[in-house]
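A.B. asks: Following this message is one structure expressed as structure tokens.
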2 protein chains.
Amino acid sequence: MAVELKDLTKVEENYSKWYNDLVVKAGLAENSAVRGCMVIKPYGYAIWEKMQHVLDGMFKQTGHENAYFPLFIPKSFFSREAHHVEGFAKECAVVTHYRLKNDPDGKGVVVDPDAKLEEELIVRPTSETIIWNTYKNWITSYRDLPILCNQWANVVRWEMRTRLFLRTAEFLWQEGHTAHATREEAEAEAMKMINVYKTFVEEWMALPVIVGHKSPNERFAGAEDTLTIEALMQDGKALQSGTSHFLGQNFAKAFDVTYTTREGKQEYVWATSWGVSTRLMGALIMAHSDNNGLVLPPRLAPIQVAMVPIYKGAEQLAVMTEKMEAIAADLRARGISVKVDTRDNVRSGFKFAEYELKGVPVRLALGPRDLENGTIELARRDTLTKETVPQQGLTDRIAALLDEIQQNIYKKALDFRASMITRVDTWDEFIETLNEKGGFISAHWDGTVETEVAIKEATKATIRCIPLDAEEEEGRCIFTGKPSHRRVLFARSY
Amino acid sequence: MAVELKDLTKVEENYSKWYNDLVVKAGLAENSAVRGCMVIKPYGYAIWEKMQHVLDGMFKQTGHENAYFPLFIPKSFFSREAHHVEGFAKECAVVTHYRLKNDPDGKGVVVDPDAKLEEELIVRPTSETIIWNTYKNWITSYRDLPILCNQWANVVRWEMRTRLFLRTAEFLWQEGHTAHATREEAEAEAMKMINVYKTFVEEWMALPVIVGHKSPNERFAGAEDTLTIEALMQDGKALQSGTSHFLGQNFAKAFDVTYTTREGKQEYVWATSWGVSTRLMGALIMAHSDNNGLVLPPRLAPIQVAMVPIYKGAEQLAVMTEKMEAIAADLRARGISVKVDTRDNVRSGFKFAEYELKGVPVRLALGPRDLENGTIELARRDTLTKETVPQQGLTDRIAALLDEIQQNIYKKALDFRASMITRVDTWDEFIETLNEKGGFISAHWDGTVETEVAIKEATKATIRCIPLDAEEEEGRCIFTGKPSHRRVLFARSY
């Protein structure tokens with residue numbers, strides 16, 4: 001698979017095309033023959049696997065167990081929760097038949113009209129309905145609570161305009177679904193999980209996020225409260241990276257799920273759900289990458305160190321390879337993932353460009369002079385700097401450097417975000433900031449859905465969240481001038 | 001969730017009902033509201049996760065990478081490979097529409113007739129077609145080969161009669177799909193992977209299998225050769241536990257996938273595919289369990305040691321718990337998974353029965369006398385024996401015991417299978433053995449599909465495989481009397 005770096009669109013030319021080029025050329029994903037569905041290629045999937053592994057550990061650490069629920073949901077289940085059906089049942093894949101037969105005209109196969117389902121099945125866009133229909137049979141008494149389940153699964157939402165990782169008809173995700181005896185416990189669970197997501201995105205993806213409540217208009221369909229983590233991309237647009245919902249008793253009521261309390265009363269069960277998806281891949285790519293390609297945080301990079309020999313002829317290659325394998329063995333013993341690239345059909349410059357494109361955090365190059373001097377060339381992907389260092393102590397140096405790169409990428413993203421949160425107090429400033437600068441805009445809002453919708457229609461900006469740490473402050477809504485008690489964050493978003 | 005062991009059907013009464021009861025009562029899986037689709041419950045999923053983890057490691061060890069391909073396959077893709085469409089496109093879930101709308105009569109939602117797909121999409125029953133359509137774009141030259149991809153995914157086959165884990169409309173599996181430059185390399189890959197499966201099933205599931213070729217009639221639809229591992233269940237029926245297919249150039253030709261050889265010629269690419277599924281859960285359950293419930297091999301048991309306090313009153317419980325937690329800490333430090341069961345609302349006898357039902361390999365009970373004597377009661381699930389042992393040296397003893405149990409379960413299954421392979425040379429013996437004893441029947445067959453089909457229609461027995469280690473031996477087909485050069489294995493099967 002030839003990498004053609006020169007064809008990578010520049011960030012400043014066309015951000016959207018740069019992103020798509022990068023996803024494809026770095027071998028992360030590509031469009032498939034099925035409209036809106038992507039193929040996640042091995043290099044992209046390796047990153048997603050690392051994300052899954054870390055998140056799964058965090059879920060188990062907080063007491064959750066994995067389970068698996070059906071792909072299909074009977075159509076009627078969606079009608080039970082009024083808001084949910086509005087939000088999810090509309091644009092979806094509908095299974096209507098269960099058999100094909102040979103085309104009587106001899107042209108392949110056709111749907112067998114005799115094999116029509118009595119009730120259509122929806123390919124799950126999210127699983128609250130099928131799961132709460134199941135929980136009904138699992139819950140009798142307070143002793144059966146809480147239920148703390150998570151599912152890793154594929155889901156389908158029939159999006160009209162799709163973009164690799166960011167918005168696809170099918171995507172991979174996890175969805176946690178928990179059942180509790182009290183409102184307080186469910187609210188605490190929803191908060192706990194949004195904080196798990198924050199920790200993951202900040203410490204592993206090196207991407208700072210703002211935690212807050214969604215405004216009523218942006219809530220999950222069927223939730224009483226939606227908590228969100230909002231990240232900022234390099235083009236100044238926000239990206240919702242994970243959500244955690246307090247569902248109240250809405251689904252328990254829709255599916256008649258009650259429990260007997262310690263005192264012998266019947267009560268409806270309280271619920272949460274929370275999820276992150278392969279969309280995180282999009283966030284990871286857009287947050288850190290540059291005109292040379294991906295910049296991966298070391299903690300999620302499938303290859304942390306790439307080693308390239310500089311040589312002339314097969315004999316020198318053999319010598320370099322032997323030395324590099326010895327160094328690689330030391331690094332691997334330290335838990336560092338290393339690729340020694342001994343291909344003899346591409347130039348070393350090509351390899352350098354390829355590992356830059358693929359976002360490998362550290363590149364080592366070893367040539368004849370290094371061999372003489374006991375040195376090696378070390379290049380950092382994040383800063384694109386290189387230096388010649390002694391081979392002695394290299395493992396310690398690289399272990400420390402990987403940590404440093406992780407911190408540096410995070411700090412860069414944090415500094416950028418800090419520079420991109422603008423406080424505005426007038427509508428003119430709001431419009432100007434949105435159009436000239438982008439980023440998050442911290443402004444007063446009168447708290448009504450009408451205003452929120454009017455602002456969105458006028459500017460395409462939405463309320464990304466009401467930050468958890470928003471301080472009380474008297475002010476006036478930038479749109480209506482009505483009184484407001486705290487600032488919220490607006491942005492254009494993915 | 002109350003466990004009602006007394007309601008577990010006895011093996012000897014009704015094997016099929018015993019199996020189903022066990023799956024449900026041990027909390028492994030249950031039927032869902034969607035016909036043929038199961039819910040895999042946390043305890044069942046924890047076992048599947050362990051299987052996945054081990055298999056995934058083995059795939060990576062043998063050079064494979066994970067990727068992800070679309071859930072949906074355009075209908076026309078199936079028509080490209082003639083045998084494949086016969087085998088897979090018939091009983092399947094067909095997506096015909098992509099939108100619902102509010103029912104004009106106000107009763108929930110209905111399919112929107114305006115949102116009909118131009119071409120129907122099939123929910124993947126297996127992914128050869130969509131993957132080879134993708135590989136077409138990945139392969140140009142011999143340098144792009146081999147491609148060694150695996151996918152963990154859900155698939156759907158519209159089975160009419162379903163059984164939890166053994167045969168469900170939706171199931172979870174992995175499917176490896178590899179592309180090679182030569183026939184020899186692809187054949188070697190297919191053989192390598194069936195041996196990976198054999199190692200996994202024998203060493204982790206403690207279940208001996210016979211490796212062999214499928215007869216032409218039992219081959220995968222689209223394969224030139226299917227390798228299989230066949231296991232024997234306690235009721236004398238065989239269970240196909242994993243398959244690995246040499247696909248020749250069939251899919252490469254169907255999707256026009258060629259490569260340029262080192263010499264500059266265009267050749268079609270050679271293929272394999274191989275898979276195991278949640279069906280392995282069914283094999284695991286049926287192979288080892290008994291009237292008291294599951295018997296799990298220690299290497300796959302989510303809980304390897306259950307600890308139950310024997311006490312009177314809260315004060316004693318606190319004392320026992322403290323001691324047990326100290327013992328548990330030692331065991332955990334050794335990598336052993338332990339559950340300390342301090343529930344005070346059920347009797348210890350109930351807990352004993354529950355851990356037997358759940359197949360926990362080792363149970364420890366600690367009472368006041370043990371505390372005085374420095375002893376503990378140790379019970380083995382596989383033999384249902386118990387003894388009182390010193391607390392001193394307990395960790396070493398248990399680590400060794402878990403290995404011993406793993407071996408013992410395997411040996412028991414191996415001895416059983418050895419007793420259930422019967423060599424027969426006449427049709428009368430064949431019928432009698434099949435009806436009176438069951439198990440594998442080693443017999444001569446004339447090698448024709450007609451005979452194979454006739455035997456199946458007469459007896460419901462099929463050729464499970466032509467064992468790899470079958471010796472050349474002259475004989476006569478038990479059905480037709482025609483000459484045969486080696487014995488094959490027949491059995492009734494799941």
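Chain labels run A, B, ... following the order of the structure tokens; each chain numbers its residues from 1, and ligands are numbered from 1 in the order shown.
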Find the spatial neighbours of Glu471 (chain A), counting only C-alpha atoms, within a cut-off of 10 Å - ignore same-chain residues fewer than 3 positions away - and output them as an MDAnalysis selection string.

C.D. replies: chainID A and resid 467:468 474 485:488

A.B. asks: Specify as a PyMOL selection string all residues of chain B found within 7 Å of chain A, counting only C-alpha atoms.

C.D. replies: chain B and resi 1+34+37-42+45+65-70+72-74+79+89-101+108-109+144+158

A.B. asks: Contacts of region 438-450 of chain B at 7 Å or less, counting only C-alpha atoms, minus same-chain residues fewer than 3 places along, as a list in words?

C.D. replies: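 So the residues in contact are Asn217, Leu232, Gly236, Lys237, Met420, Ile421, Thr422, Arg423, Val424, Asp425, Thr433, Leu434, Asn435, Val453, Ala454, Gly475, Arg476, Cys477, Ile478, Lys482, Pro483, Ser484, Arg486, Arg487, Val488, Leu489, Phe490 and Ala491 of chain B.
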
A.B. asks: At a cut-off of 9 Å, using only C-alpha atoms, what residues contact Ala328 (chain A)? Leave out same-chain residues fewer than 5 positions from it and give the result as number ranges by chain.

C.D. replies: A: 305, 307, 323, 333, 336-340

A.B. asks: Taking 3 positions as the minimum chain separation for residues in the same chain, which residues sit within 10 Å of Arg464 (chain A) when counting only C-alpha atoms? Answer as a ChimeraX atom specification.

C.D. replies: /A:210-215,218,228-231,238-240,440-441,461,467,488-493

A.B. asks: Could you turn the residues from that selection into a file that holds C-alpha atoms, as a compact mmCIF listing (two decimals), in the first residue's frame?

C.D. replies:
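Result file follows (out.txt):
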```txt
# COMPACT_ATOMS: atom_id res chain seq x y z
CA ILE A 210 -15.39 20.63 29.51
CA VAL A 211 -17.99 18.76 31.54
CA GLY A 212 -21.48 20.16 31.73
CA HIS A 213 -25.19 19.67 31.41
CA LYS A 214 -26.86 19.77 28.03
CA SER A 215 -29.60 22.37 27.63
CA GLU A 218 -29.89 19.15 23.25
CA THR A 228 -21.63 15.82 28.22
CA ILE A 229 -17.90 16.21 27.68
CA GLU A 230 -17.13 18.80 25.02
CA ALA A 231 -13.78 18.98 23.26
CA ALA A 238 -16.65 21.74 19.28
CA LEU A 239 -17.07 17.99 19.34
CA GLN A 240 -19.36 16.22 21.80
CA PHE A 440 -16.25 28.31 22.68
CA ILE A 441 -18.20 31.45 23.47
CA ALA A 461 -24.13 27.74 16.98
CA PRO A 467 -20.45 23.84 32.56
CA VAL A 488 -23.22 28.86 29.14
CA LEU A 489 -20.86 27.74 26.36
CA PHE A 490 -21.88 28.20 22.75
CA ALA A 491 -20.04 26.87 19.69
CA ARG A 492 -20.46 25.58 16.22
CA SER A 493 -19.90 21.86 16.38
```

A.B. asks: What is the CA of Phe59 (chain A) to CA of Met193 (chain A) distance in Å?

C.D. replies: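 Taking CA of Phe59 (chain A) and CA of Met193 (chain A), their separation equals 8.4 Å.
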
A.B. asks: Got a sec: who's within 9 Å of Leu364 (chain A), counting only C-alpha atoms, leaving out chain neighbours fewer than 4 positions off, as a PyMOL selection string?

C.D. replies: chain A and resi 305-309+376-379

A.B. asks: For the residues in that selection, give me N, CA, C and O atoms as a short mmCIF file (atom, residue, chain, number, x, y, z; two decimals), in the first residue's frame.

C.D. replies:
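Written file, part_5.cif:
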```cif
data_model
loop_
_atom_site.label_atom_id
_atom_site.label_comp_id
_atom_site.auth_asym_id
_atom_site.auth_seq_id
_atom_site.Cartn_x
_atom_site.Cartn_y
_atom_site.Cartn_z
N VAL A 305 7.34 3.42 18.93
CA VAL A 305 8.67 3.74 18.40
C VAL A 305 8.87 3.00 17.07
O VAL A 305 8.70 1.78 17.01
N ALA A 306 9.22 3.74 16.02
CA ALA A 306 9.56 3.12 14.74
C ALA A 306 11.07 3.24 14.55
O ALA A 306 11.66 4.30 14.81
N MET A 307 11.70 2.16 14.12
CA MET A 307 13.15 2.16 13.93
C MET A 307 13.48 1.95 12.46
O MET A 307 13.03 0.99 11.84
N VAL A 308 14.30 2.87 11.93
CA VAL A 308 14.63 2.85 10.51
C VAL A 308 16.14 2.77 10.33
O VAL A 308 16.87 3.62 10.86
N PRO A 309 16.63 1.78 9.59
CA PRO A 309 18.06 1.67 9.34
C PRO A 309 18.49 2.58 8.19
O PRO A 309 17.77 2.74 7.20
N ILE A 376 22.49 7.31 18.21
CA ILE A 376 21.31 7.02 17.40
C ILE A 376 20.54 8.32 17.20
O ILE A 376 20.59 9.20 18.07
N GLU A 377 19.86 8.43 16.05
CA GLU A 377 19.08 9.65 15.82
C GLU A 377 17.67 9.45 16.33
O GLU A 377 17.01 8.47 15.99
N LEU A 378 17.21 10.42 17.13
CA LEU A 378 15.90 10.32 17.77
C LEU A 378 15.03 11.49 17.30
O LEU A 378 15.43 12.64 17.44
N ALA A 379 13.87 11.18 16.73
CA ALA A 379 12.98 12.25 16.25
C ALA A 379 11.63 12.16 16.98
O ALA A 379 11.11 11.07 17.21
#
```
